[in-house]
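Text of the file work17.cif, holding mmCIF, C-alpha atoms and all ligand atoms:
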```cif
data_target
#
loop_
_atom_site.label_atom_id
_atom_site.label_comp_id
_atom_site.auth_asym_id
_atom_site.auth_seq_id
_atom_site.Cartn_x
_atom_site.Cartn_y
_atom_site.Cartn_z
CA MET D 273 48.92 -33.10 15.80
CA ASP D 274 49.46 -32.56 12.09
CA THR D 275 52.91 -33.88 11.37
CA THR D 276 52.89 -33.12 7.68
CA PHE D 277 54.37 -29.69 8.09
CA LEU D 278 57.39 -28.38 9.89
CA TRP D 279 56.91 -25.62 12.39
CA VAL D 280 60.14 -23.98 11.30
CA GLU D 281 58.64 -23.49 7.85
CA GLU D 282 55.06 -22.87 8.92
CA TYR D 283 56.12 -20.21 11.39
CA ARG D 284 58.87 -18.58 9.40
CA PRO D 285 58.30 -14.82 9.74
CA LYS D 286 57.16 -13.29 6.47
CA ASN D 287 58.35 -9.78 7.18
CA ILE D 288 61.27 -8.16 8.96
CA ASP D 289 59.11 -6.66 11.64
CA SER D 290 58.07 -10.08 12.95
CA CYS D 291 61.64 -11.39 12.96
CA ILE D 292 63.23 -11.50 16.37
CA LEU D 293 66.43 -9.55 15.85
CA PRO D 294 68.72 -7.06 17.57
CA GLN D 295 67.62 -3.47 16.99
CA SER D 296 70.56 -2.45 14.84
CA LEU D 297 70.04 -5.36 12.44
CA LYS D 298 66.35 -4.70 12.18
CA LYS D 299 67.01 -1.08 11.43
CA THR D 300 69.46 -1.98 8.66
CA PHE D 301 67.02 -4.37 6.99
CA LEU D 302 64.04 -2.02 7.32
CA GLU D 303 66.13 0.69 5.68
CA PHE D 304 66.80 -1.54 2.65
CA ILE D 305 63.08 -2.17 2.36
CA ARG D 306 62.26 1.50 2.64
CA GLU D 307 64.68 2.29 -0.15
CA GLY D 308 63.35 -0.61 -2.19
CA HIS D 309 66.90 -1.64 -2.91
CA ILE D 310 69.14 -4.27 -1.38
CA PRO D 311 72.87 -4.14 -2.04
CA ASN D 312 74.76 -7.39 -2.55
CA LEU D 313 74.90 -8.87 0.90
CA ILE D 314 76.69 -11.49 2.93
CA LEU D 315 74.55 -12.48 5.91
CA SER D 316 76.80 -14.24 8.34
CA GLY D 317 76.03 -15.95 11.63
CA GLY D 318 75.33 -19.15 13.54
CA PRO D 319 72.69 -21.66 12.47
CA GLY D 320 68.98 -21.00 12.97
CA ILE D 321 69.32 -17.34 13.84
CA GLY D 322 67.30 -16.05 10.90
CA LYS D 323 69.65 -15.40 7.96
CA THR D 324 67.60 -17.19 5.31
CA THR D 325 64.40 -15.88 6.85
CA VAL D 326 65.64 -12.30 6.63
CA ALA D 327 66.73 -12.71 3.00
CA LYS D 328 63.33 -14.08 2.00
CA ALA D 329 61.38 -11.57 4.07
CA MET D 330 63.16 -8.54 2.61
CA LEU D 331 62.66 -9.71 -0.94
CA GLY D 332 59.06 -10.60 -0.22
CA GLU D 333 58.38 -7.19 1.25
CA ILE D 334 59.98 -5.31 -1.61
CA GLY D 335 58.26 -7.66 -4.01
CA CYS D 336 61.30 -8.76 -6.00
CA THR D 337 61.48 -11.80 -8.20
CA HIS D 338 64.01 -14.11 -6.63
CA MET D 339 65.51 -17.54 -6.79
CA MET D 340 67.04 -19.62 -4.07
CA ILE D 341 70.13 -21.76 -4.57
CA ASN D 342 71.49 -23.93 -1.79
CA GLY D 343 75.26 -23.99 -1.74
CA SER D 344 75.44 -27.17 0.30
CA GLU D 345 73.30 -29.11 -2.16
CA GLU D 346 74.09 -27.62 -5.54
CA SER D 347 77.69 -26.70 -5.32
CA GLY D 348 78.94 -27.74 -8.77
CA ILE D 349 80.01 -24.96 -11.11
CA ASP D 350 77.97 -26.25 -14.04
CA VAL D 351 74.70 -26.42 -12.14
CA LEU D 352 75.37 -23.02 -10.68
CA ARG D 353 76.26 -21.47 -14.01
CA THR D 354 73.17 -22.82 -15.75
CA LYS D 355 70.83 -21.82 -12.97
CA ILE D 356 72.23 -18.35 -12.52
CA LYS D 357 72.50 -17.68 -16.25
CA ASN D 358 68.94 -18.76 -16.95
CA PHE D 359 67.60 -16.66 -14.16
CA ALA D 360 69.82 -13.62 -14.23
CA SER D 361 70.15 -13.06 -17.94
CA THR D 362 66.46 -12.33 -18.47
CA VAL D 363 64.61 -9.25 -17.29
CA SER D 364 61.87 -9.78 -14.72
CA LEU D 365 58.25 -9.34 -15.75
CA ASP D 366 57.89 -6.00 -14.05
CA GLY D 367 61.32 -4.86 -15.19
CA GLY D 368 62.54 -4.65 -11.57
CA ARG D 369 65.76 -5.95 -10.12
CA LYS D 370 65.97 -9.68 -9.50
CA TYR D 371 67.77 -11.40 -6.67
CA ILE D 372 69.48 -14.68 -6.07
CA ILE D 373 69.66 -15.99 -2.53
CA LEU D 374 72.73 -18.16 -2.34
CA ASP D 375 72.05 -20.04 0.83
CA GLU D 376 74.92 -21.61 2.75
CA ALA D 377 77.40 -20.08 0.33
CA ASP D 378 80.33 -21.07 2.56
CA TYR D 379 79.88 -24.63 1.29
CA LEU D 380 80.85 -23.57 -2.22
CA ASN D 381 84.35 -24.63 -3.18
CA PRO D 382 86.70 -21.67 -2.65
CA GLN D 383 89.03 -22.84 -5.39
CA SER D 384 86.51 -23.32 -8.15
CA THR D 385 82.91 -22.39 -7.48
CA GLN D 386 83.42 -19.22 -5.48
CA PRO D 387 85.69 -17.63 -8.10
CA ALA D 388 83.15 -18.58 -10.76
CA LEU D 389 80.41 -16.97 -8.71
CA ARG D 390 82.37 -13.77 -8.64
CA GLY D 391 82.31 -13.86 -12.45
CA PHE D 392 78.53 -14.31 -12.55
CA MET D 393 78.07 -11.44 -10.16
CA GLU D 394 79.94 -9.14 -12.51
CA GLU D 395 78.29 -10.39 -15.64
CA PHE D 396 74.70 -9.82 -14.57
CA HIS D 397 75.08 -7.05 -12.04
CA ARG D 398 72.79 -4.72 -13.95
CA ASN D 399 69.61 -6.61 -13.27
CA CYS D 400 70.51 -9.13 -10.61
CA GLY D 401 71.52 -8.78 -6.97
CA TYR D 402 72.85 -11.42 -4.59
CA ILE D 403 72.27 -12.30 -0.99
CA LEU D 404 74.72 -14.85 0.32
CA THR D 405 74.17 -16.53 3.66
CA CYS D 406 76.86 -18.38 5.57
CA ASN D 407 77.85 -19.65 8.99
CA TYR D 408 81.49 -18.72 8.54
CA LYS D 409 82.20 -15.63 6.52
CA ASN D 410 85.93 -16.31 6.48
CA LYS D 411 85.23 -19.30 4.28
CA LEU D 412 84.16 -16.92 1.54
CA ILE D 413 86.95 -15.65 -0.67
CA GLU D 414 88.00 -12.02 -0.57
CA PRO D 415 86.63 -11.07 -4.01
CA LEU D 416 83.15 -12.04 -2.79
CA HIS D 417 83.60 -9.97 0.36
CA SER D 418 84.65 -6.96 -1.65
CA ARG D 419 81.52 -7.19 -3.80
CA CYS D 420 79.13 -7.39 -0.86
CA SER D 421 78.25 -5.64 2.37
CA VAL D 422 78.72 -8.00 5.27
CA VAL D 423 76.04 -8.18 7.93
CA ASP D 424 76.98 -10.13 11.05
CA PHE D 425 74.16 -11.66 13.05
CA ILE D 426 75.55 -10.93 16.47
CA ILE D 427 73.32 -10.37 19.47
CA PRO D 428 74.70 -7.80 21.89
CA ASN D 429 74.69 -9.11 25.47
CA LEU D 430 72.40 -6.33 26.59
CA GLU D 431 69.69 -7.40 24.15
CA LYS D 432 69.83 -11.12 24.88
CA PRO D 433 67.21 -11.22 27.66
CA LYS D 434 64.72 -9.23 25.60
CA LEU D 435 65.15 -11.43 22.52
CA ALA D 436 64.88 -14.63 24.55
CA ASP D 437 61.71 -13.25 26.05
CA ASP D 438 60.30 -12.33 22.64
CA PHE D 439 61.02 -15.80 21.37
CA MET D 440 59.41 -17.30 24.44
CA LYS D 441 56.20 -15.44 23.62
CA ARG D 442 56.40 -16.64 20.06
CA VAL D 443 56.88 -20.26 21.09
CA ILE D 444 53.98 -20.08 23.51
CA ALA D 445 51.72 -18.67 20.83
CA ILE D 446 52.70 -21.58 18.59
CA LEU D 447 52.08 -24.18 21.30
CA ASN D 448 48.70 -22.66 22.07
CA GLU D 449 47.76 -22.67 18.42
CA GLN D 450 48.80 -26.30 18.14
CA GLY D 451 46.86 -27.19 21.27
CA ILE D 452 49.90 -28.48 23.11
CA SER D 453 50.18 -28.06 26.83
CA TYR D 454 53.50 -27.13 28.35
CA ASP D 455 55.50 -26.53 31.46
CA LYS D 456 56.75 -22.97 31.16
CA ARG D 457 60.00 -23.68 33.00
CA VAL D 458 60.88 -26.38 30.51
CA ILE D 459 60.38 -23.98 27.60
CA VAL D 460 62.64 -21.47 29.31
CA GLU D 461 65.28 -24.14 29.68
CA ILE D 462 65.07 -25.21 26.02
CA ILE D 463 65.39 -21.62 24.85
CA TYR D 464 68.27 -20.99 27.21
CA LYS D 465 70.00 -24.15 26.06
CA HIS D 466 69.87 -23.45 22.33
CA PHE D 467 69.81 -19.64 22.25
CA PRO D 468 69.91 -18.14 19.65
CA ASP D 469 69.35 -21.14 17.38
CA TRP D 470 65.61 -20.67 16.90
CA ARG D 471 65.40 -23.44 14.37
CA ARG D 472 66.73 -25.88 16.90
CA VAL D 473 64.29 -24.70 19.56
CA LEU D 474 61.31 -25.13 17.25
CA ASN D 475 62.46 -28.50 15.94
CA GLU D 476 63.06 -29.93 19.40
CA LEU D 477 59.67 -28.71 20.56
CA GLN D 478 57.85 -30.05 17.53
CA ARG D 479 59.55 -33.41 17.77
CA TYR D 480 58.67 -33.78 21.40
CA SER D 481 55.18 -32.36 21.13
CA ALA D 482 54.03 -35.48 19.30
CA SER D 483 53.41 -36.73 22.84
CA GLY D 484 50.88 -33.92 23.28
CA THR D 485 52.60 -32.09 26.10
CA ILE D 486 55.97 -30.45 26.71
CA ASP D 487 57.31 -31.54 30.07
CA ALA D 488 60.73 -32.20 31.58
CA GLY D 489 60.94 -35.41 29.54
CA ILE D 490 62.01 -33.34 26.54
CA LEU D 491 65.33 -32.65 28.19
CA VAL D 492 66.10 -36.35 28.29
CA ASN D 493 64.54 -36.94 24.92
CA ILE D 494 66.90 -34.46 23.28
CA ALA D 495 69.89 -36.44 24.42
CA GLU D 496 68.47 -39.67 23.01
CA VAL D 497 67.65 -38.25 19.64
CA ASN D 498 71.05 -36.64 19.45
CA ILE D 499 73.06 -39.69 20.28
CA ARG D 500 71.30 -41.58 17.51
CA GLU D 501 72.24 -38.85 15.05
CA LEU D 502 75.82 -38.95 16.20
CA MET D 503 76.18 -42.70 15.94
CA GLN D 504 74.64 -42.69 12.49
CA SER D 505 77.11 -40.09 11.29
CA MET D 506 80.04 -41.96 12.81
CA LYS D 507 78.92 -45.19 11.21
CA ASN D 508 78.77 -43.49 7.81
CA LYS D 509 82.15 -41.87 8.47
CA GLU D 510 80.64 -38.43 7.91
CA PHE D 511 83.30 -36.36 9.59
CA THR D 512 81.67 -33.04 8.77
CA ASN D 513 78.41 -34.10 10.41
CA VAL D 514 80.22 -35.39 13.48
CA ARG D 515 81.93 -32.05 13.72
CA LYS D 516 78.64 -30.20 13.44
CA TRP D 517 77.22 -32.45 16.12
CA VAL D 518 80.04 -31.59 18.49
CA VAL D 519 79.52 -27.88 17.94
CA ASN D 520 75.79 -28.23 18.57
CA ASN D 521 76.07 -30.42 21.62
CA LEU D 522 79.03 -29.13 23.53
CA ASP D 523 76.72 -27.09 25.69
CA ASN D 524 76.27 -30.40 27.48
CA ASP D 525 79.45 -30.85 29.43
CA SER D 526 81.92 -33.14 27.77
CA VAL D 527 82.17 -35.67 30.56
CA ARG D 528 78.44 -36.20 30.31
CA ILE D 529 78.64 -36.66 26.57
CA LEU D 530 81.38 -39.26 26.92
CA ARG D 531 79.31 -41.08 29.51
CA TYR D 532 76.36 -41.00 27.16
CA VAL D 533 78.38 -42.50 24.35
CA TYR D 534 79.61 -45.16 26.77
CA ASP D 535 76.09 -46.02 27.93
CA ASN D 536 74.88 -46.38 24.38
CA LEU D 537 77.76 -48.38 22.93
CA TYR D 538 75.98 -51.73 22.96
CA ASN D 539 73.15 -50.35 20.87
CA TYR D 540 75.35 -49.18 18.08
CA VAL D 541 78.72 -50.90 18.14
CA ASP D 542 79.74 -54.50 17.59
CA GLY D 543 80.73 -56.23 20.84
CA SER D 544 84.20 -57.05 19.59
CA SER D 545 85.30 -53.42 19.37
CA ILE D 546 83.76 -52.23 22.62
CA PRO D 547 86.81 -52.84 24.86
CA HIS D 548 88.97 -50.76 22.59
CA ILE D 549 86.46 -47.93 22.58
CA VAL D 550 86.16 -47.96 26.34
CA VAL D 551 89.92 -47.38 26.50
CA ILE D 552 89.60 -44.46 24.06
CA LEU D 553 86.74 -42.95 26.11
CA GLY D 554 88.79 -43.31 29.27
CA GLU D 555 91.75 -41.52 27.77
CA TYR D 556 89.75 -38.62 26.47
CA GLN D 557 87.77 -38.28 29.64
CA TYR D 558 91.06 -37.87 31.44
CA LYS D 559 92.26 -35.31 28.91
CA ALA D 560 89.01 -33.36 29.21
CA ALA D 561 90.11 -32.24 32.65
CA PHE D 562 93.21 -30.55 31.23
CA VAL D 563 92.69 -29.42 27.65
CA ALA D 564 92.15 -25.80 26.73
CA ASP D 565 89.56 -26.47 24.05
CA GLN D 566 86.88 -29.08 24.77
CA GLU D 567 85.56 -28.94 21.23
CA ILE D 568 88.83 -30.13 19.74
CA ASN D 569 89.25 -32.80 22.39
CA MET D 570 85.73 -34.13 21.89
CA LEU D 571 86.07 -34.18 18.12
CA ALA D 572 89.43 -35.94 18.39
CA CYS D 573 87.83 -38.57 20.62
CA LEU D 574 84.91 -39.17 18.29
CA THR D 575 87.20 -39.26 15.28
CA GLU D 576 89.27 -41.95 16.89
CA ILE D 577 86.18 -43.94 17.76
CA MET D 578 84.88 -43.48 14.23
CA ALA D 579 88.12 -44.94 12.88
CA ARG D 580 88.31 -47.88 15.30
CA ALA D 581 84.76 -49.02 15.94
CA LYS D 582 82.96 -51.77 14.10
CA PHE D 583 79.45 -50.40 13.91
CA LYS D 584 76.39 -52.61 13.85
N1 LIG C 1 65.11 -14.10 14.06
C1 LIG C 1 64.09 -14.99 14.04
N2 LIG C 1 62.85 -14.63 14.42
C2 LIG C 1 61.86 -15.55 14.40
N3 LIG C 1 62.00 -16.82 13.99
C3 LIG C 1 63.21 -17.22 13.60
C4 LIG C 1 64.31 -16.33 13.61
N4 LIG C 1 65.40 -16.97 13.17
C5 LIG C 1 65.00 -18.22 12.90
N5 LIG C 1 63.68 -18.39 13.15
C6 LIG C 1 62.93 -19.64 12.97
O1 LIG C 1 63.89 -20.66 12.65
C7 LIG C 1 63.69 -21.10 11.31
C8 LIG C 1 65.05 -21.22 10.63
O2 LIG C 1 65.61 -19.95 10.43
P1 LIG C 1 66.57 -19.64 9.21
O3 LIG C 1 66.34 -18.24 8.80
O4 LIG C 1 66.40 -20.67 8.14
O5 LIG C 1 67.98 -19.80 9.92
P2 LIG C 1 69.44 -19.62 9.30
O6 LIG C 1 70.05 -18.48 10.05
O7 LIG C 1 70.15 -20.92 9.61
O8 LIG C 1 69.30 -19.36 7.84
C9 LIG C 1 62.79 -20.07 10.65
O9 LIG C 1 61.97 -20.68 9.68
C10 LIG C 1 61.97 -19.56 11.81
O10 LIG C 1 60.90 -20.41 12.05
MG MG C 2 69.80 -20.68 6.30
#
```
I'd like the structure from this file rewritten - as structure tokens, please.
Ligand SMILES: Nc1ncnc2c1ncn2[C@@H]1O[C@H](COP(=O)(O)OP(=O)(O)O)[C@@H](O)[C@H]1O
Ligand SMILES: [Mg+2]
Amino acid sequence: MDTTFLWVEEYRPKNIDSCILPQSLKKTFLEFIREGHIPNLILSGGPGIGKTTVAKAMLGEIGCTHMMINGSEESGIDVLRTKIKNFASTVSLDGGRKYIILDEADYLNPQSTQPALRGFMEEFHRNCGYILTCNYKNKLIEPLHSRCSVVDFIIPNLEKPKLADDFMKRVIAILNEQGISYDKRVIVEIIYKHFPDWRRVLNELQRYSASGTIDAGILVNIAEVNIRELMQSMKNKEFTNVRKWVVNNLDNDSVRILRYVYDNLYNYVDGSSIPHIVVILGEYQYKAAFVADQEINMLACLTEIMARAKFK
């Protein structure tokens, strides 16, 4: 298998029609394309559901000059100002409207960068439009909301089976093209597990397909890969990443996760701090039977471990 490219990029839909989306969303986006005009937008929704893909596809289909800025990587005001100014202050070659995709805009500082962004939006509104994507729209300040239409990527329950089925077909086409054999039931399970995080589905499948075939082993494999990620983040004291990990993995039940951490302690943690961590795990496992919100309990547990453990 060619490992030099990522499936998520290689198979990113180039137009709205090939995106797997609820009908009402598709209709909205196709309407923008038909009009040849996109209002300032906030695309909000969970990871891997197609926000960035939709932004790129619409602009590609209309044929607009655009620039992409990633809010989680380039979040300083100065970088943002320079980039936006250079791009937005000049007219595009064909004289048409230009667009800036501000990806992961909820990472921009709400005290400094977001208010500045509001200023840029005003300043260049004549020839430049904005598409902001975010996981949490309530992290964007009100003045940004009031300058944009908000589109929520929510999948109505009634449409879920159809979309899962569509994605299944898509995945199978990819696996066939890549010459990878598969057990259909396993694919169903992966899709069911991560729905509707399509990025996650594709990444897990690509990672595992290095072995040439997708079988039940992938379900174990996922857990292994994930625990490594988690331990790495805890070692580096990256609270935000630990939090993301919890959100992404809580579909496994929490007792199983705690057991998994326990089983893997010797690989990642210095022997001297293991007894202490076992006590922490025991306490939180007990609490897991009573707490109202498993996410908070799990994150509290991992935070405590992160603070106490001596990592290797
Ligand atoms: N609605 C979708 N239809 C088809 N593929 C999708 C869809 N959403 C995501 N994907 C796949 O997952 C990848 C990541 O999607 P992306 O749009 O970057 O997600 P995000 O919502 O986090 O911005 C895409 O490149 C594509 O391969
Ligand atoms: Mg994105």
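Coordinates place atom CA of Lys328 of chain D at a distance of 9.6 Å from atom CA of Ile403 of chain D.
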Please, what is the axis-aligned box for every listed atom of segment 467-474 of chain D with 5 Å on each side, as centre and edge lengths in Å to one decimal, as AutoDock Vina command-line options?
```
--center_x 65.6 --center_y -22.0 --center_z 18.3 --size_x 18.6 --size_y 17.7 --size_z 17.9
```
What are the nearest atom pairs, with distances in Å to one decimal, for all residues of chain D that come at most 9 Å from ligand LIG 1 (chain C), using only C-alpha atoms and all ligand atoms, set out by chain and rising residue number as CSV?
```
residue,atom,partner,partner_atom,distance
D:Leu278,CA,C:LIG1,O9,9.0
D:Trp279,CA,C:LIG1,O10,6.6
D:Val280,CA,C:LIG1,O10,3.7
D:Glu281,CA,C:LIG1,O9,4.7
D:Glu282,CA,C:LIG1,O10,7.1
D:Tyr283,CA,C:LIG1,O10,4.8
D:Arg284,CA,C:LIG1,O9,3.8
D:Pro285,CA,C:LIG1,C2,5.9
D:Ile288,CA,C:LIG1,N2,8.6
D:Ser290,CA,C:LIG1,N2,6.8
D:Cys291,CA,C:LIG1,N2,3.8
D:Ile292,CA,C:LIG1,N2,3.7
D:Leu293,CA,C:LIG1,N1,5.1
D:Pro294,CA,C:LIG1,N1,8.7
D:Leu315,CA,C:LIG1,O6,8.6
D:Ser316,CA,C:LIG1,O6,8.2
D:Gly317,CA,C:LIG1,O6,6.7
D:Gly318,CA,C:LIG1,O6,6.4
D:Pro319,CA,C:LIG1,O7,3.9
D:Gly320,CA,C:LIG1,O5,3.4
D:Ile321,CA,C:LIG1,N4,4.0
D:Gly322,CA,C:LIG1,N4,3.1
D:Lys323,CA,C:LIG1,O6,3.7
D:Thr324,CA,C:LIG1,O8,3.7
D:Thr325,CA,C:LIG1,O3,3.6
D:Val326,CA,C:LIG1,O3,6.4
D:Ala327,CA,C:LIG1,O3,8.0
D:Lys328,CA,C:LIG1,O3,8.5
D:Asp375,CA,C:LIG1,O8,7.6
D:Glu376,CA,C:LIG1,O8,7.9
D:Thr405,CA,C:LIG1,O8,7.0
D:Cys406,CA,C:LIG1,O8,8.0
D:Asn407,CA,C:LIG1,O7,7.8
D:Phe425,CA,C:LIG1,O6,8.5
D:Leu435,CA,C:LIG1,N1,8.9
D:Asp438,CA,C:LIG1,N2,8.9
D:Phe439,CA,C:LIG1,C2,7.0
D:Arg442,CA,C:LIG1,C2,7.9
D:Pro468,CA,C:LIG1,N4,8.0
D:Asp469,CA,C:LIG1,C5,6.9
D:Trp470,CA,C:LIG1,O1,4.6
D:Arg471,CA,C:LIG1,O1,3.6
D:Arg472,CA,C:LIG1,O1,7.3
D:Val473,CA,C:LIG1,O1,8.0
D:Leu474,CA,C:LIG1,O1,6.9
D:Asn475,CA,C:LIG1,O1,8.6
```
Which of D:Leu412, D:Cys573, D:Leu365, D:Val551 sits closest to Arg390 of chain D [using only C-alpha atoms]: D:Leu412
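Between atom CA of Asn539 of chain D and atom CA of Ser481 of chain D the interatomic distance comes to 25.4 Å.
Closest approach to ligand MG 2 (chain C) among D:Ile462, D:Ile549, D:Ala572, D:Leu404 is made by D:Leu404 (distances from all atoms listed in the file).
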Tell me, in Å to one decimal, how far atom CA of Lys409 of chain D is from atom CA of Asp424 of chain D. 8.8 Å
Residue among D:Asn342, D:Asn312, D:Ser296, D:Asn448 lying closest to ligand MG 2 (chain C), counting only C-alpha atoms and all ligand atoms: D:Asn342
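Minimum atom-to-atom distances from D:Asp378, D:Glu567, D:Glu395, D:Asp455 to Val519 of chain D were compared using all atoms listed in the file, and the lowest value belongs to D:Glu567.
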Within 7 Å of segment 354-360 of chain D, counting only C-alpha atoms, which residues show up once you throw out same-chain ones fewer than 3 positions away? Write them as a ChimeraX atom specification, please. /D:350-351,396,400
Tell me, as a PyMOL selection string, which residues lie within 12 Å of Ala560 of chain D, counting only C-alpha atoms; anything in the same chain fewer than 2 positions away does not count. chain D and resi 525-530+553-558+562-573
Would you list the contacts of Ile334 of chain D as a CSV table (one decimal) with C-alpha atoms, in the coordinates of the input, taking every protein, DNA or RNA residue within 7 Å and counting all atoms listed in the file, but skipping same-chain residues closer than 3 positions in sequence?
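Output file around_37.csv is given in full below:
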```csv
chain,number,residue,atom,x,y,z
D,305,ILE,CA,63.1,-2.2,2.4
D,308,GLY,CA,63.4,-0.6,-2.2
D,330,MET,CA,63.2,-8.5,2.6
D,331,LEU,CA,62.7,-9.7,-0.9
```
Using all atoms listed in the file, which of D:Gly368, D:Pro428, D:Pro415, D:Gly343 sits nearest ligand MG 2 (chain C)? D:Gly343
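Proximity ranking of D:Ser421, D:Ser344, D:Ser361, D:Ser483 relative to ligand MG 2 (chain C) places D:Ser344 first, based on all atoms listed in the file.
By all atoms listed in the file, and with residues fewer than 6 positions from Lys507 of chain D along its chain excluded, the set lying at most 10 Å from it is Glu501, Tyr540, Val541, Ile577, Met578, Ala579, Ala581, Lys582, Phe583 and Lys584 of chain D.
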Reconstruct N, CA and C atoms of segment 369-391 of chain D from the incomplete input and present them as a tab-separated table (two decimals), in the frame of the given file.
```tsv
chain	number	residue	atom	x	y	z
D	369	ARG	N	64.55	-5.19	-10.40
D	369	ARG	CA	65.76	-5.95	-10.12
D	369	ARG	C	65.42	-7.32	-9.58
D	370	LYS	N	66.17	-8.32	-10.00
D	370	LYS	CA	65.97	-9.68	-9.50
D	370	LYS	C	67.05	-10.00	-8.48
D	371	TYR	N	66.77	-11.01	-7.67
D	371	TYR	CA	67.77	-11.40	-6.67
D	371	TYR	C	67.96	-12.90	-6.62
D	372	ILE	N	69.18	-13.28	-6.34
D	372	ILE	CA	69.48	-14.68	-6.07
D	372	ILE	C	69.90	-14.80	-4.61
D	373	ILE	N	69.21	-15.68	-3.89
D	373	ILE	CA	69.66	-15.99	-2.53
D	373	ILE	C	70.57	-17.21	-2.64
D	374	LEU	N	71.82	-17.03	-2.32
D	374	LEU	CA	72.73	-18.16	-2.34
D	374	LEU	C	72.93	-18.63	-0.90
D	375	ASP	N	72.10	-19.60	-0.55
D	375	ASP	CA	72.05	-20.04	0.83
D	375	ASP	C	73.24	-20.93	1.14
D	376	GLU	N	73.79	-20.79	2.33
D	376	GLU	CA	74.92	-21.61	2.75
D	376	GLU	C	76.07	-21.54	1.74
D	377	ALA	N	76.39	-20.32	1.37
D	377	ALA	CA	77.40	-20.08	0.33
D	377	ALA	C	78.79	-20.52	0.77
D	378	ASP	N	78.99	-20.65	2.10
D	378	ASP	CA	80.33	-21.07	2.56
D	378	ASP	C	80.63	-22.53	2.22
D	379	TYR	N	79.62	-23.26	1.73
D	379	TYR	CA	79.88	-24.63	1.29
D	379	TYR	C	80.42	-24.69	-0.13
D	380	LEU	N	80.35	-23.57	-0.84
D	380	LEU	CA	80.85	-23.57	-2.22
D	380	LEU	C	82.37	-23.64	-2.21
D	381	ASN	N	82.90	-24.43	-3.12
D	381	ASN	CA	84.35	-24.63	-3.18
D	381	ASN	C	85.09	-23.31	-3.43
D	382	PRO	N	86.01	-22.95	-2.52
D	382	PRO	CA	86.70	-21.67	-2.65
D	382	PRO	C	87.72	-21.63	-3.79
D	383	GLN	N	88.07	-22.82	-4.28
D	383	GLN	CA	89.03	-22.84	-5.39
D	383	GLN	C	88.34	-22.74	-6.75
D	384	SER	N	87.14	-23.28	-6.83
D	384	SER	CA	86.51	-23.32	-8.15
D	384	SER	C	85.19	-22.55	-8.20
D	385	THR	N	84.26	-22.94	-7.34
D	385	THR	CA	82.91	-22.39	-7.48
D	385	THR	C	82.81	-20.93	-7.03
D	386	GLN	N	83.49	-20.61	-5.95
D	386	GLN	CA	83.42	-19.22	-5.48
D	386	GLN	C	84.02	-18.23	-6.49
D	387	PRO	N	85.19	-18.54	-7.06
D	387	PRO	CA	85.69	-17.63	-8.10
D	387	PRO	C	84.75	-17.51	-9.29
D	388	ALA	N	84.10	-18.63	-9.64
D	388	ALA	CA	83.15	-18.58	-10.76
D	388	ALA	C	81.98	-17.67	-10.40
D	389	LEU	N	81.54	-17.79	-9.17
D	389	LEU	CA	80.41	-16.97	-8.71
D	389	LEU	C	80.72	-15.48	-8.85
D	390	ARG	N	81.93	-15.15	-8.51
D	390	ARG	CA	82.37	-13.77	-8.64
D	390	ARG	C	82.17	-13.30	-10.09
D	391	GLY	N	82.50	-14.17	-11.03
D	391	GLY	CA	82.31	-13.86	-12.45
D	391	GLY	C	80.84	-13.61	-12.78
```
